[in-house]
file upload-v8.csv (CSV, C-alpha atoms)
chain,number,residue,atom,x,y,z
P,578,MET,CA,-7.4,-0.2,-28.2
P,579,SER,CA,-10.7,-0.8,-26.5
P,580,HIS,CA,-14.4,-0.3,-27.0
P,581,ASP,CA,-16.9,1.8,-25.1
P,582,GLU,CA,-14.3,4.1,-23.7
P,583,PHE,CA,-15.6,6.9,-21.5
P,584,GLU,CA,-15.2,10.3,-22.9
P,585,HIS,CA,-14.3,13.5,-21.0
P,586,ASN,CA,-17.3,15.3,-19.5
P,587,GLU,CA,-19.5,12.5,-20.8
P,588,LEU,CA,-22.9,12.2,-19.2
P,589,ALA,CA,-23.0,8.5,-18.8
P,590,PRO,CA,-26.2,6.6,-18.0
P,591,ALA,CA,-26.2,4.6,-14.8
P,592,ALA,CA,-26.5,1.4,-16.9
P,593,ARG,CA,-22.9,1.8,-18.1
P,594,PHE,CA,-21.7,1.7,-14.5
P,595,ARG,CA,-23.9,-1.2,-13.6
P,596,ARG,CA,-22.3,-3.2,-16.4
P,597,LEU,CA,-19.0,-2.8,-14.7
P,598,ASP,CA,-20.0,-5.0,-11.8
P,599,HIS,CA,-22.9,-7.3,-12.5
P,600,THR,CA,-23.6,-10.9,-11.4
P,601,GLU,CA,-26.3,-13.2,-12.9
P,602,PHE,CA,-27.4,-16.8,-13.2
P,603,TYR,CA,-28.0,-18.3,-16.7
P,604,ALA,CA,-29.2,-21.6,-18.1
P,605,PRO,CA,-26.3,-23.3,-19.8
P,606,GLU,CA,-26.9,-26.0,-22.5
P,607,LEU,CA,-24.9,-29.2,-22.9
P,608,SER,CA,-24.9,-30.2,-26.6
P,609,SER,CA,-23.0,-32.5,-28.8
P,610,LEU,CA,-21.5,-31.5,-32.1
P,611,ASP,CA,-23.4,-34.1,-34.2
P,612,SER,CA,-26.6,-34.5,-32.3
P,613,GLY,CA,-27.5,-31.1,-30.8
P,614,PRO,CA,-28.9,-30.5,-27.3
P,615,CYS,CA,-28.3,-33.4,-24.8
P,616,ASN,CA,-30.6,-35.0,-22.3
P,617,ILE,CA,-28.9,-34.8,-18.9
P,618,GLY,CA,-31.5,-37.1,-17.3
P,619,ASP,CA,-34.7,-36.5,-15.4
P,620,ASP,CA,-32.7,-36.0,-12.2
P,621,GLY,CA,-29.9,-34.1,-14.0
P,622,ARG,CA,-28.9,-30.6,-13.1
P,623,ILE,CA,-27.0,-27.9,-15.0
P,624,VAL,CA,-26.4,-24.5,-13.4
P,625,GLY,CA,-24.5,-21.5,-14.7
P,626,ARG,CA,-23.4,-18.2,-13.1
P,627,PHE,CA,-21.3,-15.3,-14.3
P,628,HIS,CA,-19.9,-12.0,-13.3
P,629,ARG,CA,-19.6,-9.1,-15.8
P,630,ARG,CA,-16.9,-6.5,-15.5
P,631,GLY,CA,-17.6,-4.6,-18.7
P,632,HIS,CA,-16.6,-6.9,-21.5
P,633,MET,CA,-14.9,-9.4,-19.3
P,634,ILE,CA,-17.1,-12.4,-18.4
P,635,ARG,CA,-16.1,-14.7,-15.7
P,636,GLY,CA,-18.4,-17.6,-14.8
P,637,MET,CA,-18.9,-21.2,-14.0
P,638,VAL,CA,-21.0,-24.2,-15.0
P,639,VAL,CA,-21.8,-27.3,-13.1
P,640,CYS,CA,-23.5,-30.1,-15.0
P,641,HIS,CA,-24.6,-33.3,-13.3
P,642,LEU,CA,-26.0,-36.2,-15.4
P,643,ALA,CA,-28.5,-38.2,-13.4
P,644,GLY,CA,-31.6,-40.3,-13.7
P,645,THR,CA,-33.2,-41.9,-16.7
P,646,GLY,CA,-33.1,-40.7,-20.2
P,647,ILE,CA,-29.5,-39.6,-20.3
P,648,ASP,CA,-28.3,-39.1,-23.8
P,649,VAL,CA,-25.2,-37.1,-24.7
P,650,GLY,CA,-25.4,-37.8,-28.4
P,651,SER,CA,-22.3,-38.1,-30.6
P,652,GLY,CA,-19.5,-35.8,-31.4
P,653,ARG,CA,-17.6,-33.6,-29.0
P,654,LEU,CA,-19.6,-32.2,-26.1
P,655,ARG,CA,-20.0,-28.4,-25.7
P,656,LEU,CA,-21.3,-26.2,-22.9
P,657,SER,CA,-22.8,-22.8,-23.7
P,658,THR,CA,-21.7,-19.4,-22.3
P,659,PRO,CA,-24.2,-16.7,-21.4
P,660,ILE,CA,-23.1,-14.0,-23.8
P,661,ASP,CA,-21.5,-14.2,-27.3
P,662,ARG,CA,-17.7,-14.0,-27.3
P,663,ASP,CA,-15.8,-11.3,-29.2
P,664,ASP,CA,-14.4,-13.6,-31.9
P,665,ASP,CA,-11.8,-11.1,-32.9
P,666,PHE,CA,-10.4,-11.3,-29.4
P,667,VAL,CA,-11.0,-14.9,-28.3
P,668,ALA,CA,-10.1,-17.5,-30.9
P,669,GLY,CA,-12.1,-20.6,-31.3
P,670,THR,CA,-10.8,-23.9,-32.5
P,671,GLY,CA,-11.6,-27.4,-33.7
P,672,ILE,CA,-9.8,-30.5,-32.5
P,673,GLY,CA,-6.5,-29.1,-33.9
P,674,GLY,CA,-6.2,-27.0,-30.8
P,675,GLY,CA,-5.2,-23.6,-32.3
P,676,GLY,CA,-7.5,-21.4,-30.2
P,677,ASP,CA,-7.4,-19.8,-26.8
P,678,MET,CA,-7.9,-21.7,-23.6
P,679,MET,CA,-10.8,-20.1,-21.8
P,680,ALA,CA,-12.1,-22.6,-19.3
P,681,PHE,CA,-10.5,-24.9,-16.7
P,682,GLY,CA,-12.2,-27.5,-14.6
P,683,ARG,CA,-12.9,-31.1,-13.7
P,684,LEU,CA,-14.6,-34.1,-15.1
P,685,ARG,CA,-15.8,-36.6,-12.5
P,686,GLN,CA,-16.4,-40.3,-13.2
P,687,SER,CA,-18.5,-41.6,-10.3
P,688,SER,CA,-18.0,-45.2,-11.1
P,689,SER,CA,-14.7,-47.2,-11.2
P,690,GLY,CA,-13.4,-45.4,-8.2
P,691,GLY,CA,-13.0,-42.2,-10.2
P,692,ALA,CA,-10.0,-43.6,-12.0
P,693,ASN,CA,-10.8,-41.5,-15.1
P,694,SER,CA,-11.7,-38.3,-13.2
P,695,GLN,CA,-9.4,-35.6,-14.4
P,696,MET,CA,-8.7,-31.9,-15.0
P,697,ILE,CA,-10.0,-30.5,-18.3
P,698,THR,CA,-9.5,-27.4,-20.3
P,699,GLY,CA,-12.1,-25.6,-22.4
P,700,HIS,CA,-11.9,-24.0,-25.8
P,701,PHE,CA,-14.5,-22.1,-27.8
P,702,ASP,CA,-15.7,-24.1,-30.8
P,703,LEU,CA,-15.4,-22.9,-34.4
P,704,LEU,CA,-18.0,-20.2,-35.5
P,705,SER,CA,-19.2,-22.7,-38.1
P,706,ASN,CA,-20.1,-25.0,-35.2
P,707,GLY,CA,-22.0,-22.5,-33.2
P,708,GLY,CA,-18.8,-21.6,-31.3
P,709,ILE,CA,-19.8,-18.0,-30.8
P,710,ASN,CA,-21.1,-19.1,-27.4
P,711,LYS,CA,-20.1,-22.8,-27.1
P,712,PHE,CA,-16.9,-24.4,-25.8
P,713,TRP,CA,-15.7,-28.0,-25.9
P,714,MET,CA,-13.4,-29.7,-23.4
P,715,MET,CA,-10.1,-31.4,-23.9
P,716,VAL,CA,-9.2,-34.8,-22.3
P,717,ASN,CA,-6.0,-34.8,-20.3
P,718,GLY,CA,-3.1,-36.8,-21.7
P,719,THR,CA,-4.6,-36.8,-25.2
P,720,ASN,CA,-5.4,-34.5,-28.1
P,721,SER,CA,-9.0,-35.5,-28.1
P,722,ALA,CA,-12.3,-33.9,-26.9
P,723,ILE,CA,-14.7,-35.1,-24.3
P,724,ASN,CA,-17.6,-37.0,-25.9
P,725,ALA,CA,-20.1,-39.7,-25.0
P,726,THR,CA,-17.4,-42.3,-24.6
P,727,ASN,CA,-14.2,-40.4,-24.1
P,728,PRO,CA,-12.4,-40.6,-21.6
P,729,PHE,CA,-15.1,-43.0,-20.3
P,730,THR,CA,-18.8,-43.7,-21.1
P,731,LEU,CA,-20.6,-40.7,-19.7
P,732,GLY,CA,-23.6,-41.7,-17.7
P,733,ASN,CA,-25.4,-41.6,-14.4
P,734,ASN,CA,-23.7,-39.3,-11.9
P,735,THR,CA,-21.0,-38.0,-14.3
P,736,ARG,CA,-20.3,-34.4,-13.5
P,737,ILE,CA,-18.6,-31.6,-15.3
P,738,ALA,CA,-17.5,-28.5,-13.3
P,739,VAL,CA,-15.7,-25.7,-15.0
P,740,LYS,CA,-14.8,-22.0,-14.6
P,741,PHE,CA,-14.6,-19.9,-17.7
P,742,TRP,CA,-13.4,-16.4,-18.6
P,743,TYR,CA,-13.5,-14.5,-21.9
P,744,ILE,CA,-14.2,-11.2,-23.6
P,745,ALA,CA,-17.8,-10.7,-24.8
P,746,SER,CA,-18.6,-8.9,-28.0
P,747,THR,CA,-20.3,-5.5,-27.7
P,748,ASP,CA,-23.2,-6.8,-29.8
P,749,GLY,CA,-23.5,-9.7,-27.4
P,750,LEU,CA,-23.6,-7.4,-24.4
P,751,VAL,CA,-26.2,-5.3,-26.0
P,752,LYS,CA,-28.3,-8.3,-27.0
P,753,ALA,CA,-28.0,-9.6,-23.4
P,754,SER,CA,-29.1,-6.4,-21.8
P,755,PRO,CA,-30.6,-3.9,-24.3
T,1484,MET,CA,-0.4,6.2,-8.1
T,1485,GLY,CA,-2.3,3.1,-8.8
T,1486,LEU,CA,-6.0,3.6,-8.5
T,1487,GLU,CA,-7.2,5.5,-5.4
T,1488,PRO,CA,-10.8,5.1,-4.3
T,1489,ILE,CA,-13.4,7.3,-5.9
T,1490,HIS,CA,-15.1,9.6,-3.4
T,1491,ALA,CA,-18.6,11.0,-3.4
T,1492,GLY,CA,-18.9,14.1,-5.4
T,1493,GLU,CA,-15.5,13.7,-7.0
T,1494,LYS,CA,-15.0,14.8,-10.6
T,1495,VAL,CA,-13.4,11.7,-12.2
T,1496,ASP,CA,-11.4,11.7,-15.4
T,1497,ALA,CA,-12.7,9.6,-18.2
T,1498,GLU,CA,-9.5,7.5,-18.1
T,1499,ARG,CA,-10.2,6.3,-14.6
T,1500,LEU,CA,-13.4,4.8,-15.7
T,1501,THR,CA,-12.1,3.5,-19.0
T,1502,ILE,CA,-9.4,1.5,-17.3
T,1503,LEU,CA,-12.0,-0.6,-15.6
T,1504,ASP,CA,-12.7,-2.2,-19.0
T,1505,LEU,CA,-9.8,-1.9,-21.3
T,1506,ARG,CA,-8.3,-4.5,-23.7
T,1507,GLY,CA,-5.6,-4.9,-26.3
T,1508,THR,CA,-2.9,-7.2,-27.7
T,1509,TYR,CA,0.7,-7.6,-26.8
T,1510,ASN,CA,3.8,-9.2,-28.3
T,1511,ALA,CA,3.8,-12.4,-26.3
T,1512,THR,CA,7.1,-14.1,-26.4
T,1513,LEU,CA,8.3,-17.7,-25.6
T,1514,THR,CA,11.9,-17.6,-24.3
T,1515,ALA,CA,14.1,-20.1,-22.5
T,1516,VAL,CA,16.7,-19.6,-19.8
T,1517,THR,CA,19.7,-20.8,-21.8
T,1518,THR,CA,18.9,-20.5,-25.6
T,1519,ASN,CA,15.6,-19.1,-26.9
T,1520,PRO,CA,13.4,-21.4,-29.0
T,1521,ASN,CA,12.6,-20.5,-32.5
T,1522,LEU,CA,8.9,-21.1,-33.3
T,1523,GLY,CA,9.7,-21.5,-37.0
T,1524,ALA,CA,8.8,-19.6,-40.2
T,1525,ASP,CA,5.1,-20.5,-39.8
T,1526,GLY,CA,5.1,-20.3,-36.0
T,1527,VAL,CA,2.5,-18.3,-34.1
T,1528,ALA,CA,2.8,-16.2,-31.0
T,1529,ILE,CA,-0.3,-14.3,-29.9
T,1530,GLY,CA,-0.9,-12.3,-26.7
T,1531,LYS,CA,-4.1,-10.6,-25.6
T,1532,TRP,CA,-5.0,-8.8,-22.4
T,1533,HIS,CA,-8.0,-7.2,-20.5
T,1534,LEU,CA,-7.5,-4.7,-17.7
T,1535,SER,CA,-10.0,-4.2,-15.0
T,1536,GLY,CA,-8.3,-1.6,-12.8
T,1537,ARG,CA,-5.1,-3.3,-11.7
T,1538,PHE,CA,-6.3,-6.8,-12.5
T,1539,CYS,CA,-5.0,-8.1,-15.8
T,1540,SER,CA,-6.5,-11.1,-17.5
T,1541,GLY,CA,-5.3,-12.5,-20.8
T,1542,TYR,CA,-4.3,-15.2,-23.1
T,1543,ALA,CA,-0.9,-16.2,-24.6
T,1544,ARG,CA,-0.5,-19.0,-27.1
T,1545,PHE,CA,2.2,-20.4,-29.3
T,1546,LEU,CA,2.6,-22.8,-32.2
T,1547,PHE,CA,5.8,-24.4,-33.4
T,1548,SER,CA,5.7,-24.7,-37.2
T,1549,GLY,CA,7.8,-24.4,-40.3
T,1550,SER,CA,11.4,-24.1,-41.3
T,1551,GLY,CA,14.0,-22.9,-38.8
T,1552,LEU,CA,12.0,-24.4,-35.9
T,1553,SER,CA,14.2,-25.2,-32.8
T,1554,ALA,CA,13.4,-26.1,-29.2
T,1555,GLY,CA,16.2,-23.9,-27.8
T,1556,SER,CA,17.6,-24.9,-24.4
T,1557,GLY,CA,16.5,-24.5,-20.8
T,1558,VAL,CA,13.3,-23.7,-18.8
T,1559,TYR,CA,10.6,-22.2,-21.0
T,1560,LEU,CA,9.3,-18.7,-20.0
T,1561,ILE,CA,6.3,-16.8,-21.2
T,1562,ASP,CA,5.9,-13.0,-20.6
T,1563,VAL,CA,2.8,-11.1,-19.4
T,1564,PRO,CA,1.9,-7.7,-20.9
T,1565,PHE,CA,2.4,-5.5,-17.8
T,1566,GLU,CA,4.8,-5.8,-14.9
T,1567,PRO,CA,3.3,-7.8,-12.0
T,1568,ASP,CA,3.1,-6.4,-8.5
T,1569,LEU,CA,5.7,-8.7,-6.9
T,1570,ASN,CA,4.7,-7.4,-3.5
T,1571,PHE,CA,1.3,-9.0,-4.1
T,1572,HIS,CA,2.2,-12.3,-5.9
T,1573,ASP,CA,4.3,-15.2,-4.7
T,1574,THR,CA,7.1,-16.0,-7.0
T,1575,SER,CA,9.5,-19.0,-7.3
T,1576,THR,CA,11.7,-20.8,-9.7
T,1577,THR,CA,10.7,-24.1,-7.9
T,1578,GLY,CA,7.8,-25.9,-9.5
T,1579,GLY,CA,4.6,-25.6,-7.5
T,1580,ASP,CA,6.2,-23.3,-4.9
T,1581,ALA,CA,4.2,-20.2,-5.7
T,1582,GLU,CA,0.6,-19.6,-6.5
T,1583,PRO,CA,-0.4,-20.1,-10.1
T,1584,ILE,CA,-1.2,-17.0,-12.1
T,1585,ALA,CA,-1.9,-19.0,-15.3
T,1586,PHE,CA,-3.5,-22.2,-16.4
T,1587,GLY,CA,-3.2,-23.8,-19.7
T,1588,ARG,CA,-2.4,-26.7,-21.9
T,1589,ILE,CA,0.6,-28.0,-23.8
T,1590,ARG,CA,0.1,-30.1,-26.8
T,1591,ASP,CA,2.5,-32.7,-28.2
T,1592,ASN,CA,0.9,-33.0,-31.6
T,1593,SER,CA,2.7,-36.3,-32.4
T,1594,ALA,CA,2.1,-38.1,-29.1
T,1595,GLY,CA,-1.2,-37.1,-27.4
T,1596,ALA,CA,-0.2,-39.0,-24.3
T,1597,ASN,CA,2.2,-36.2,-23.5
T,1598,SER,CA,-0.3,-33.4,-23.8
T,1599,GLN,CA,-1.4,-32.1,-20.4
T,1600,GLN,CA,-2.6,-29.3,-18.3
T,1601,VAL,CA,0.0,-27.0,-16.8
T,1602,THR,CA,0.1,-24.1,-14.4
T,1603,GLY,CA,2.1,-20.9,-14.6
T,1604,GLN,CA,4.0,-19.2,-11.8
T,1605,LEU,CA,5.9,-15.9,-11.8
T,1606,ARG,CA,9.7,-16.2,-11.6
T,1607,GLY,CA,10.3,-13.1,-9.5
T,1608,ILE,CA,14.0,-12.9,-10.3
T,1609,VAL,CA,16.0,-10.0,-11.8
T,1610,GLY,CA,15.6,-9.9,-15.5
T,1611,GLN,CA,12.6,-12.1,-15.5
T,1612,GLU,CA,10.1,-9.9,-13.6
T,1613,LYS,CA,7.4,-10.2,-16.3
T,1614,LYS,CA,7.9,-13.9,-17.0
T,1615,PHE,CA,6.3,-17.1,-15.8
T,1616,SER,CA,7.4,-20.7,-16.1
T,1617,LEU,CA,5.1,-23.6,-16.6
T,1618,VAL,CA,4.8,-26.5,-14.2
T,1619,GLN,CA,3.9,-30.0,-15.4
T,1620,HIS,CA,0.9,-32.1,-14.4
T,1621,GLY,CA,1.8,-35.1,-12.1
T,1622,SER,CA,5.4,-33.8,-11.6
T,1623,ASN,CA,7.3,-31.0,-9.9
T,1624,THR,CA,9.2,-30.2,-13.1
T,1625,THR,CA,8.9,-27.1,-15.1
T,1626,ILE,CA,8.5,-27.2,-18.8
T,1627,THR,CA,11.8,-27.1,-20.7
T,1628,HIS,CA,13.0,-27.6,-24.3
T,1629,ALA,CA,13.0,-31.4,-23.7
T,1630,SER,CA,10.5,-32.0,-20.9
T,1631,PRO,CA,8.0,-33.4,-20.9
T,1632,PHE,CA,8.7,-33.9,-24.6
T,1633,THR,CA,11.0,-32.3,-27.2
T,1634,TRP,CA,9.2,-29.5,-28.9
T,1635,ALA,CA,8.6,-30.0,-32.6
T,1636,GLU,CA,6.4,-29.3,-35.6
T,1637,SER,CA,2.7,-28.4,-34.7
T,1638,ASP,CA,3.3,-28.5,-30.9
T,1639,ARG,CA,1.4,-25.8,-29.1
T,1640,ILE,CA,1.0,-23.9,-25.8
T,1641,ALA,CA,-2.2,-22.2,-24.8
T,1642,MET,CA,-2.3,-20.3,-21.6
T,1643,ALA,CA,-4.8,-18.0,-19.8
T,1644,PHE,CA,-3.5,-15.8,-17.0
T,1645,GLY,CA,-4.8,-13.4,-14.4
T,1646,TYR,CA,-2.7,-11.3,-12.0
T,1647,VAL,CA,-2.4,-7.9,-10.3
T,1648,ILE,CA,-0.2,-5.4,-12.1
T,1649,HIS,CA,2.4,-3.1,-10.5
T,1650,PRO,CA,0.8,0.2,-9.5
T,1651,ASP,CA,3.3,2.2,-11.5
T,1652,GLU,CA,2.0,0.5,-14.7
T,1653,ILE,CA,-1.3,2.3,-14.3
T,1654,ASP,CA,0.3,5.7,-14.8
T,1655,THR,CA,1.9,4.4,-18.0
T,1656,ILE,CA,-1.3,2.9,-19.3
T,1657,LEU,CA,-3.3,6.0,-18.4
T,1658,ALA,CA,-0.8,8.2,-20.2
T,1659,GLY,CA,-1.3,6.2,-23.4
T,1660,LEU,CA,-5.1,6.5,-23.5

call {"tool": "encode", "arguments": {"input": "upload-v8.csv", "output": "structure tokens"}}
result
Amino acid sequence: MSHDEFEHNELAPAARFRRLDHTEFYAPELSSLDSGPCNIGDDGRIVGRFHRRGHMIRGMVVCHLAGTGIDVGSGRLRLSTPIDRDDDFVAGTGIGGGGDMMAFGRLRQSSSGGANSQMITGHFDLLSNGGINKFWMMVNGTNSAINATNPFTLGNNTRIAVKFWYIASTDGLVKASP
Amino acid sequence: MGLEPIHAGEKVDAERLTILDLRGTYNATLTAVTTNPNLGADGVAIGKWHLSGRFCSGYARFLFSGSGLSAGSGVYLIDVPFEPDLNFHDTSTTGGDAEPIAFGRIRDNSAGANSQQVTGQLRGIVGQEKKFSLVQHGSNTTITHASPFTWAESDRIAMAFGYVIHPDEIDTILAGL
């Protein structure tokens, strides 16, 4: 039923208990499916934090596009997670929408009175698209993903703020803290 | 019993530590108050959970597809894997009247304009103790067989939930380890 179960009379190292309650910052990446890593601008900011409770990862990302040089490429936008997901437990998906919903948040349009600001959901991308640790975001009232021009032209002072939660793979956990 | 605090020097059973990071699958079901929907011959219903002590997180998702598909009748309900602690959680059958224990998205595959984020709230009534209904975006209406759209081929529901389970459930889970 689970992995890494404790055994009777096991002499468990302290590290296994630390992994049951651990918080950390990480450096998320905003990327587009077709163009790779994005440029969030010379005044841009992207911050990630997460809490680990064993295999359960709960975290948040705030991404603020600002300044000159903003380039969010083409194709759907993705944010990275700190540790690889367990792809047997959390299903990824392409635009067809068949995977698990693992993030919830808000997209802010700073121009036009925020008319296009909205709630968004996040879904891990397909493994073939690097989705082991990247999720894309769905536009409300559509079956389409956020990209450079959807639901508005992303630019200066656009913000994305999401919370996410998913089960990490054991290999991913070991890779993150050997 | 629930989970009492661990005291200094106490000899702790392995199960009490294992239950802090435990996961599995469950038979997620989509039902309706009057007549249950039929997801169709190619339909999908998948439920997964993670337990951290008494806090249960998980996913439930559904796909309508194939022959025999029918939307059923009435308010749609989704079940969670373990009985919730209804002394802890608000419950209500009125949309938006209780705290959400689930967030997610419904997809109208034929008309994207109807696709939207939804929240889930526990019903808290007899016979529906483990079930939550879905509340629409921009409305106080719960999701039904015909609202905000009539469910049909390739329509989907994807929810993530998090809630505190009833203390008696811990004994059942520990017994199964």

call {"tool": "residues_near_point", "arguments": {"input": "upload-v8.csv", "point": "(-5.4, -11.5, -27.5)", "cutoff": "8 Å", "atoms": "all atoms listed in the file", "output": "compact mmCIF listing (two decimals) with C-alpha atoms, keeping the file's coordinate frame"}}
result
# COMPACT_ATOMS: atom_id res chain seq x y z
CA PHE P 666 -10.40 -11.30 -29.40
CA VAL P 667 -11.00 -14.90 -28.30
CA GLY T 1507 -5.60 -4.90 -26.30
CA THR T 1508 -2.90 -7.20 -27.70
CA TYR T 1509 0.70 -7.60 -26.80
CA ILE T 1529 -0.30 -14.30 -29.90
CA GLY T 1530 -0.90 -12.30 -26.70
CA LYS T 1531 -4.10 -10.60 -25.60
CA TRP T 1532 -5.00 -8.80 -22.40
CA GLY T 1541 -5.30 -12.50 -20.80
CA TYR T 1542 -4.30 -15.20 -23.10
CA ALA T 1543 -0.90 -16.20 -24.60

call {"tool": "interface_residues", "arguments": {"input": "upload-v8.csv", "of": "chain P", "to": "chain T", "cutoff": "7 Å", "atoms": "all atoms listed in the file", "output": "list in words"}}
result
Met578, Ser579, Glu582, Phe583, Glu584, His585, Arg630, Gly631, His632, Asp677, Met678, Met679, Asn717, Gly718, Thr719 and Asn720 of chain P

call {"tool": "atom_distance", "arguments": {"input": "upload-v8.csv", "atom1": "atom CA of P:Asp620", "atom2": "atom CA of P:Ile709"}}
result
28.9 Å

call {"tool": "residues_near_point", "arguments": {"input": "upload-v8.csv", "point": "(-17.4, -36.4, -11.9)", "cutoff": "7 Å", "atoms": "all atoms listed in the file", "output": "ChimeraX atom specification"}}
result
/P:684-687,694,734-737

call {"tool": "write_last_selection", "arguments": {"input": "upload-v8.csv", "atoms": "C-alpha atoms", "output": "short mmCIF file (atom, residue, chain, number, x, y, z; two decimals), keeping the file's coordinate frame"}}
result
data_model
loop_
_atom_site.label_atom_id
_atom_site.label_comp_id
_atom_site.auth_asym_id
_atom_site.auth_seq_id
_atom_site.Cartn_x
_atom_site.Cartn_y
_atom_site.Cartn_z
CA LEU P 684 -14.60 -34.10 -15.10
CA ARG P 685 -15.80 -36.60 -12.50
CA GLN P 686 -16.40 -40.30 -13.20
CA SER P 687 -18.50 -41.60 -10.30
CA SER P 694 -11.70 -38.30 -13.20
CA ASN P 734 -23.70 -39.30 -11.90
CA THR P 735 -21.00 -38.00 -14.30
CA ARG P 736 -20.30 -34.40 -13.50
CA ILE P 737 -18.60 -31.60 -15.30
#

call {"tool": "residues_around", "arguments": {"input": "upload-v8.csv", "residues": "P:Ser657", "least_positions_apart": "3", "cutoff": "8 Å", "atoms": "all atoms listed in the file", "output": "ChimeraX atom specification"}}
result
/P:605-607,710-712

call {"tool": "atom_distance", "arguments": {"input": "upload-v8.csv", "atom1": "atom CA of P:Gly613", "atom2": "atom CA of P:Ser721"}}
result
19.2 Å

call {"tool": "closest_residue", "arguments": {"input": "upload-v8.csv", "among": "T:Leu1569, T:Gly1578, T:Asn1510, T:Ala1491", "to": "T:Thr1627", "atoms": "all atoms listed in the file"}}
result
T:Gly1578
